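J.: Sharing data04.txt (compact mmCIF, C-alpha atoms) below.
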# COMPACT_ATOMS: atom_id res chain seq x y z
CA MET R 1 -11.81 1.34 -22.85
CA ILE R 2 -9.33 4.06 -22.02
CA VAL R 3 -10.82 6.47 -19.51
CA ALA R 4 -9.70 10.07 -19.21
CA LYS R 5 -10.83 13.16 -17.36
CA ARG R 6 -10.72 16.71 -18.56
CA LYS R 7 -8.07 18.99 -17.11
CA PRO R 8 -9.28 21.93 -15.02
CA ILE R 9 -10.07 24.98 -17.15
CA ASP R 10 -7.35 27.06 -15.44
CA GLU R 11 -4.68 24.51 -16.42
CA ILE R 12 -5.88 24.47 -20.04
CA LYS R 13 -6.00 28.27 -20.07
CA ASP R 14 -2.44 28.39 -18.81
CA LEU R 15 -1.27 25.95 -21.52
CA LEU R 16 -2.88 28.15 -24.18
CA LYS R 17 -2.03 31.57 -22.77
CA ASP R 18 0.50 32.44 -25.49
CA TYR R 19 -1.67 31.38 -28.43
CA LYS R 20 -4.34 33.35 -30.25
CA LYS R 21 -5.44 30.79 -32.83
CA VAL R 22 -6.06 27.26 -31.60
CA LEU R 23 -7.51 24.08 -33.09
CA ASN R 24 -9.22 21.82 -30.52
CA VAL R 25 -9.25 18.20 -31.72
CA GLY R 26 -11.53 15.59 -30.17
CA CYS R 27 -11.41 11.83 -30.56
CA GLY R 28 -14.51 9.80 -31.37
CA THR R 29 -13.50 6.58 -29.65
CA CYS R 30 -12.68 5.85 -25.97
CA VAL R 31 -12.69 9.45 -24.69
CA ALA R 32 -16.02 10.06 -26.45
CA VAL R 33 -17.56 7.04 -24.74
CA CYS R 34 -16.35 8.19 -21.30
CA LEU R 35 -17.81 11.67 -21.97
CA THR R 36 -14.46 13.45 -21.87
CA GLY R 37 -13.21 14.26 -25.35
CA GLY R 38 -15.85 13.53 -27.98
CA GLU R 39 -17.67 15.94 -30.28
CA LYS R 40 -19.93 17.35 -27.56
CA GLU R 41 -17.08 17.87 -25.10
CA VAL R 42 -15.05 19.61 -27.83
CA ASP R 43 -17.94 22.05 -28.39
CA VAL R 44 -18.31 22.69 -24.68
CA LEU R 45 -14.58 23.30 -24.15
CA CYS R 46 -14.39 25.61 -27.18
CA ALA R 47 -17.30 27.67 -25.85
CA GLU R 48 -15.83 27.71 -22.35
CA LEU R 49 -12.38 28.78 -23.53
CA ASP R 50 -13.84 31.40 -25.84
CA MET R 51 -15.79 32.92 -22.93
CA ALA R 52 -12.94 32.54 -20.43
CA ARG R 53 -10.46 34.33 -22.68
CA LYS R 54 -12.94 37.11 -23.40
CA MET R 55 -13.47 37.51 -19.65
CA ASP R 56 -9.69 38.04 -19.42
CA ASP R 57 -9.80 40.52 -22.32
CA ASN R 58 -7.51 38.24 -24.28
CA PRO R 59 -9.78 36.63 -26.92
CA VAL R 60 -8.72 33.45 -28.66
CA ASP R 61 -9.81 32.21 -32.05
CA ILE R 62 -10.63 28.59 -31.26
CA GLU R 63 -12.17 26.05 -33.58
CA GLY R 64 -13.16 22.48 -32.77
CA THR R 65 -13.12 19.32 -34.82
CA THR R 66 -13.44 15.65 -33.93
CA ILE R 67 -11.92 12.73 -35.78
CA GLU R 68 -12.79 9.07 -35.40
CA ARG R 69 -9.51 8.04 -33.74
CA GLN R 70 -6.40 10.07 -32.95
CA CYS R 71 -4.34 6.89 -32.48
CA ASP R 72 -4.76 5.91 -36.13
CA ARG R 73 -2.89 7.48 -39.09
CA GLU R 74 -5.79 6.76 -41.38
CA TYR R 75 -8.00 9.20 -39.46
CA LEU R 76 -5.26 11.75 -38.67
CA GLU R 77 -4.91 12.35 -42.37
CA ALA R 78 -8.23 14.21 -42.28
CA LEU R 79 -6.53 16.92 -40.18
CA ASP R 80 -3.68 17.63 -42.61
CA SER R 81 -5.69 20.19 -44.54
CA LYS R 82 -7.07 21.82 -41.38
CA VAL R 83 -4.05 22.48 -39.15
CA GLU R 84 -2.41 25.13 -41.29
CA GLY R 85 -2.56 28.59 -39.77
CA TYR R 86 -3.11 27.42 -36.20
CA GLU R 87 -0.54 28.44 -33.59
CA ALA R 88 -1.33 25.45 -31.35
CA ILE R 89 -3.39 22.28 -31.29
CA LEU R 90 -5.33 21.23 -28.21
CA SER R 91 -6.03 17.51 -28.09
CA MET R 92 -8.84 15.93 -26.11
CA ALA R 93 -7.67 12.37 -26.89
CA CYS R 94 -5.87 9.96 -24.56
CA GLY R 95 -2.09 10.23 -24.14
CA ALA R 96 -1.53 7.93 -27.12
CA GLY R 97 -3.63 10.09 -29.41
CA ILE R 98 -1.99 13.31 -28.20
CA GLN R 99 1.49 11.90 -28.89
CA PHE R 100 0.47 10.62 -32.30
CA LEU R 101 -0.87 14.04 -33.18
CA ALA R 102 2.32 15.72 -31.91
CA GLU R 103 4.36 13.29 -33.99
CA ARG R 104 2.41 14.10 -37.14
CA TYR R 105 2.64 17.90 -36.71
CA PRO R 106 6.07 18.43 -35.11
CA GLU R 107 6.14 22.14 -36.04
CA ILE R 108 3.00 22.96 -34.04
CA PRO R 109 2.74 22.67 -30.24
CA VAL R 110 0.21 19.92 -29.41
CA LEU R 111 -1.18 20.39 -25.90
CA PRO R 112 -3.26 18.03 -23.74
CA ALA R 113 -6.75 19.01 -22.59
CA VAL R 114 -7.32 15.75 -20.68
CA ASP R 115 -5.53 13.53 -18.18
CA THR R 116 -5.53 9.90 -19.28
CA THR R 117 -6.58 7.99 -16.22
CA PHE R 118 -7.01 4.23 -16.67
CA ILE R 119 -8.33 1.28 -18.65
CA GLY R 120 -11.71 0.60 -17.19
CA VAL R 121 -15.33 -0.38 -17.41
CA ASN R 122 -18.55 1.59 -17.66
CA GLN R 123 -20.58 1.04 -14.46
CA GLY R 124 -23.24 3.59 -15.35
CA VAL R 125 -23.59 6.88 -17.22
CA GLY R 126 -20.52 8.90 -16.24
CA TRP R 127 -19.28 6.26 -13.77
CA TYR R 128 -16.13 4.33 -14.64
CA GLU R 129 -13.90 1.97 -12.70
CA GLU R 130 -10.37 0.81 -13.37
CA ARG R 131 -9.92 -2.86 -14.20
CA CYS R 132 -6.65 -3.28 -16.12
CA ARG R 133 -3.08 -1.93 -15.95
CA SER R 134 -2.08 -3.50 -19.31
CA CYS R 135 0.85 -5.27 -17.65
CA SER R 136 1.42 -7.56 -20.66
CA SER R 137 1.19 -10.83 -18.73
CA CYS R 138 -2.41 -11.51 -17.81
CA VAL R 139 -3.05 -13.79 -14.84
CA LEU R 140 -6.85 -13.53 -14.86
CA GLY R 141 -7.11 -17.21 -15.80
CA MET R 142 -5.62 -18.15 -12.42
CA THR R 143 -7.31 -15.48 -10.33
CA GLY R 144 -10.97 -16.04 -11.10
CA GLY R 145 -11.13 -13.01 -13.38
CA VAL R 146 -10.06 -10.54 -10.68
CA CYS R 147 -6.87 -8.63 -11.55
CA PRO R 148 -4.43 -8.51 -8.62
CA VAL R 149 -2.19 -5.98 -10.41
CA THR R 150 -5.04 -3.47 -10.63
CA MET R 151 -7.23 -4.33 -7.67
CA CYS R 152 -4.57 -5.11 -5.02
CA ALA R 153 -2.95 -1.96 -3.59
CA LYS R 154 0.40 -3.75 -3.65
CA GLY R 155 -0.19 -5.42 -7.01
CA LEU R 156 0.67 -8.78 -5.43
CA TYR R 157 0.78 -11.85 -7.64
CA ASN R 158 0.75 -14.17 -4.63
CA GLY R 159 -1.58 -12.79 -1.98
CA PRO R 160 -3.13 -11.86 0.24
CA CYS R 161 -0.68 -9.90 2.36
CA GLY R 162 -0.94 -9.49 6.14
CA GLY R 163 -3.02 -6.35 5.66
CA THR R 164 -6.16 -8.16 4.52
CA ASN R 165 -8.94 -7.45 7.00
CA ASP R 166 -12.39 -9.06 6.78
CA GLY R 167 -12.49 -8.59 3.03
CA SER R 168 -11.04 -5.08 3.09
CA CYS R 169 -7.61 -3.77 2.25
CA GLU R 170 -5.45 -2.22 4.94
CA ILE R 171 -5.27 1.08 3.05
CA LYS R 172 -8.96 1.79 3.74
CA LYS R 173 -12.07 -0.13 4.70
CA GLU R 174 -13.94 0.82 1.50
CA GLN R 175 -11.19 -0.75 -0.64
CA PRO R 176 -11.92 -4.46 -1.07
CA CYS R 177 -9.00 -6.87 -0.71
CA ALA R 178 -8.35 -8.20 -4.21
CA TRP R 179 -7.06 -11.50 -2.91
CA TYR R 180 -10.13 -11.97 -0.70
CA MET R 181 -12.25 -11.46 -3.85
CA ILE R 182 -10.03 -13.90 -5.74
CA TYR R 183 -10.43 -16.51 -2.98
CA GLU R 184 -14.21 -16.13 -2.92
CA ARG R 185 -14.51 -16.33 -6.71
CA LEU R 186 -12.26 -19.39 -7.00
CA GLU R 187 -14.03 -21.11 -4.11
CA LYS R 188 -17.38 -20.66 -5.87
CA GLN R 189 -15.89 -22.20 -9.01
CA GLY R 190 -14.25 -25.07 -7.11
CA ARG R 191 -10.85 -23.92 -8.36
CA LEU R 192 -9.08 -23.05 -5.11
CA ASP R 193 -6.07 -25.06 -6.29
CA CYS R 194 -5.27 -22.07 -8.57
CA ILE R 195 -4.48 -19.92 -5.56
CA ILE R 196 -1.87 -22.39 -4.35
CA ASN R 197 0.11 -22.25 -7.57
CA PHE R 198 3.03 -19.86 -7.16
CA LYS R 199 3.13 -17.11 -9.74
CA PRO R 200 6.64 -15.75 -10.41
CA ALA R 201 7.12 -12.01 -10.05
CA GLN R 202 6.26 -9.82 -13.02
CA ASN R 203 9.15 -8.95 -15.27
CA TRP R 204 8.93 -5.21 -14.83
CA GLU R 205 11.58 -4.74 -17.49
CA ASN R 206 8.72 -4.97 -19.95
CA GLN R 207 7.48 -1.57 -18.74
CA VAL R 208 9.39 0.16 -21.53
CA PRO R 209 7.39 1.35 -24.57
CA ARG R 210 5.99 -1.85 -26.04
CA THR R 211 5.25 -2.80 -29.61
CA LEU R 212 2.81 -5.45 -30.76
CA ILE R 213 2.68 -6.88 -34.25
CA GLN R 214 -0.17 -9.35 -34.73
CA PRO R 215 0.62 -12.71 -36.38
CA GLY R 216 0.54 -12.40 -40.15
CA TYR R 217 1.37 -8.68 -40.09
CA GLU R 218 4.65 -6.83 -40.50
CA LYS R 219 6.05 -3.54 -39.33
CA PRO R 220 5.71 -1.14 -42.28
CA GLU R 221 8.97 0.10 -43.85
CA MET I 1 -24.81 23.40 -25.37
CA HIS I 2 -27.66 25.74 -26.37
CA LEU I 3 -27.58 27.40 -22.94
CA LEU I 4 -23.82 27.80 -23.10
CA ARG I 5 -24.05 29.18 -26.61
CA ALA I 6 -26.69 31.73 -25.52
CA ILE I 7 -24.43 33.07 -22.76
CA GLN I 8 -21.41 32.94 -25.09
CA LYS I 9 -23.29 35.11 -27.58
CA GLY I 10 -24.06 37.71 -24.94
CA ALA I 11 -27.44 36.73 -23.45
CA ASP I 12 -27.75 37.99 -19.87
CA GLY I 13 -29.43 34.75 -18.86
CA ALA I 14 -31.24 31.71 -20.20
CA TYR I 15 -33.55 29.15 -18.67
CA CYS I 16 -35.02 25.78 -19.51
CA VAL I 17 -38.59 24.82 -18.75
CA GLY I 18 -39.41 21.14 -18.49
CA CYS I 19 -42.43 19.12 -17.42
CA LEU I 20 -43.02 18.42 -13.76
CA GLU I 21 -40.59 15.92 -12.30
CA GLY I 22 -41.99 12.43 -12.75
CA ALA I 23 -44.22 13.53 -15.65
CA CYS I 24 -41.71 13.67 -18.49
CA HIS I 25 -42.73 12.07 -21.78
CA TYR I 26 -39.11 10.99 -22.10
CA ASN I 27 -39.03 9.48 -18.58
CA ALA I 28 -35.88 11.06 -17.14
CA GLY I 29 -35.44 13.76 -19.80
CA ASN I 30 -36.32 16.66 -17.52
CA LEU I 31 -34.13 15.27 -14.72
CA ARG I 32 -31.18 15.03 -17.09
CA CYS I 33 -31.95 18.51 -18.30
CA ARG I 34 -31.71 19.82 -14.73
CA GLU I 35 -28.33 18.08 -14.32
CA ARG I 36 -27.10 19.70 -17.53
CA VAL I 37 -28.33 23.13 -16.50
CA GLU I 38 -26.48 22.72 -13.21
CA TYR I 39 -23.37 21.61 -15.12
CA VAL I 40 -23.54 24.70 -17.34
CA GLY I 41 -23.88 26.82 -14.19
CA MET I 42 -20.74 25.21 -12.83
CA LEU I 43 -18.87 25.89 -16.10
CA LEU I 44 -19.93 29.54 -15.98
CA GLU I 45 -18.72 29.85 -12.40
CA GLU I 46 -15.37 28.34 -13.38
CA ILE I 47 -14.75 31.17 -15.81
CA GLY I 48 -15.96 33.93 -13.51
CA LEU I 49 -19.62 34.30 -14.55
CA GLU I 50 -22.59 33.74 -12.24
CA ALA I 51 -24.10 30.22 -12.22
CA ASP I 52 -27.51 31.79 -11.68
CA ARG I 53 -27.52 33.16 -15.22
CA VAL I 54 -28.93 29.75 -16.17
CA ARG I 55 -31.88 28.11 -14.43
CA MET I 56 -34.22 25.16 -14.75
CA TYR I 57 -37.95 25.41 -14.08
CA ASN I 58 -40.60 22.67 -14.07
CA LEU I 59 -44.30 23.07 -14.78
CA SER I 60 -47.13 21.36 -16.61
CA SER I 61 -48.50 22.50 -19.96
CA GLY I 62 -51.67 23.81 -18.27
CA GLU I 63 -49.86 26.24 -16.00
CA GLY I 64 -49.78 29.42 -18.07
CA PRO I 65 -49.74 31.81 -15.10
CA THR I 66 -46.90 29.87 -13.48
CA PHE I 67 -44.96 30.07 -16.73
CA ALA I 68 -45.41 33.85 -16.70
CA ALA I 69 -44.40 33.99 -13.03
CA TYR I 70 -41.20 32.05 -13.75
CA ALA I 71 -40.41 34.36 -16.67
CA LYS I 72 -40.86 37.35 -14.37
CA GLU I 73 -38.72 35.74 -11.67
CA MET I 74 -35.94 35.01 -14.18
CA THR I 75 -36.09 38.58 -15.53
CA GLU I 76 -35.76 39.96 -12.01
CA ASN I 77 -32.89 37.58 -11.36
CA ILE I 78 -31.07 38.74 -14.51
CA MET I 79 -31.67 42.41 -13.68
CA LYS I 80 -30.11 41.80 -10.29
CA LEU I 81 -27.06 40.11 -11.85
CA GLY I 82 -26.56 42.89 -14.39
CA PRO I 83 -25.48 42.64 -18.02
CA ASN I 84 -23.41 39.74 -19.32
CA PRO I 85 -19.80 40.99 -19.51
CA LEU I 86 -19.38 39.06 -22.79
CA LYS I 87 -22.02 41.21 -24.47
CA LYS I 88 -19.45 43.72 -25.72
CA TYR I 89 -17.82 41.02 -27.85
CA SER I 90 -21.08 39.85 -29.39
CA GLN I 91 -21.92 43.41 -30.46
CA ASN I 92 -18.72 43.74 -32.51
Could you take the file, read its structure, and then write that structure out as structure tokens?
T.:
Amino acid sequence: MIVAKRKPIDEIKDLLKDYKKVLNVGCGTCVAVCLTGGEKEVDVLCAELDMARKMDDNPVDIEGTTIERQCDREYLEALDSKVEGYEAILSMACGAGIQFLAERYPEIPVLPAVDTTFIGVNQGVGWYEERCRSCSSCVLGMTGGVCPVTMCAKGLYNGPCGGTNDGSCEIKKEQPCAWYMIYERLEKQGRLDCIINFKPAQNWENQVPRTLIQPGYEKPE
Amino acid sequence: MHLLRAIQKGADGAYCVGCLEGACHYNAGNLRCRERVEYVGMLLEEIGLEADRVRMYNLSSGEGPTFAAYAKEMTENIMKLGPNPLKKYSQN
């Protein structure tokens, strides 16, 4: 899932300082699961902003609502009847959701309440770890299911580098060396030949905004 | 959320009372409650209010006098902190 963290209250206050009537929109998917921007977090932020602005003697009329997904037109439609009259929209969705909202309501400033952080896994309640950089050319099949783009500090496709040190990365001891993990995993599976195969460098040109159309589907007119 | 709402609406303080740690019918319910109370305290501090306006107490259902003692302690705590500055907005 996409993991995000809420911006500090002072930063959100600063973004909203010129607005007196604000709609705070949460997203019920990834950011709800990572406890950042779901229904509960929308309620908490609305209460916090309401109190913070009153403490500054500059009250704000803030209302919260949460839709299923901000990255989907089908669900954004539910907001069309609600946004009128608001001076600004605060979005607690990931960067994709915020941009989609801004695109739908170009006349109203749409402001981010969260920092989108990574694609990761849930290790426990409130504990998330990055696992994927969505590089568009997955090599996990050759690396024993350990991503060198995400887990190696240098993102090396053919590692390890000279900085590997007893299973740790040279950047710090607590950071495991991705290529050490890859070696261990492949050795266990009897697939060490995978590590010998040279993997050409990533085509970083693909780091422009990407579009994906699944087989059998078409881009709508 | 209920604690936050109470302070937002002008309460000078609010506290939660849970079962003794290790004796919760919902296993970790009272431990989670304490974490949430602490989180609310942190949120209040962030916006310039005192974290001590919210507290968590633990006791068993047979401890009536302790319950009264905690209520007294919380009242004294609130008196020391003074009125909630947001009260003027809730009276309008």
J.: If the cut-off is 7 Å, can you tell me the residues of chain R near chain I, counting all atoms listed in the file? I'd like them as a CSV table (one decimal) with C-alpha atoms, in the frame of the given file.
T.:
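To be explicit, this is the file written out as part-v1.csv:
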chain,number,residue,atom,x,y,z
R,44,VAL,CA,-18.3,22.7,-24.7
R,47,ALA,CA,-17.3,27.7,-25.8
R,51,MET,CA,-15.8,32.9,-22.9
R,52,ALA,CA,-12.9,32.5,-20.4
R,54,LYS,CA,-12.9,37.1,-23.4
R,55,MET,CA,-13.5,37.5,-19.6
J.: Which polymer residues have any atom within 12 Å of an atom of Glu77 (chain R), counting all atoms listed in the file, with same-chain residues fewer than 4 positions away left out, as a PyMOL selection string?
T.: chain R and resi 67-73+81-83+100-101+104-105
J.: Restricting the calculation to all atoms listed in the file, which member of I:Gly82, I:Glu73, I:Arg53, I:Ser60 is positioned closest to Ala14 (chain I)?
T.: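 So, comparing all the options, the nearest one is I:Arg53.
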J.: Which is closest to Ala51 (chain I) among I:Tyr26, I:Val17, I:Glu38, I:Tyr70, if we use only C-alpha atoms?
T.: I:Glu38
J.: Could you check the closest approach to Phe198 (chain R) for each of R:Gly85, R:Gly37, R:Pro176, R:Gly159 and tell me which residue wins, using only C-alpha atoms?
T.: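 Among the listed residues, R:Gly159 lies closest to Phe198 (chain R).
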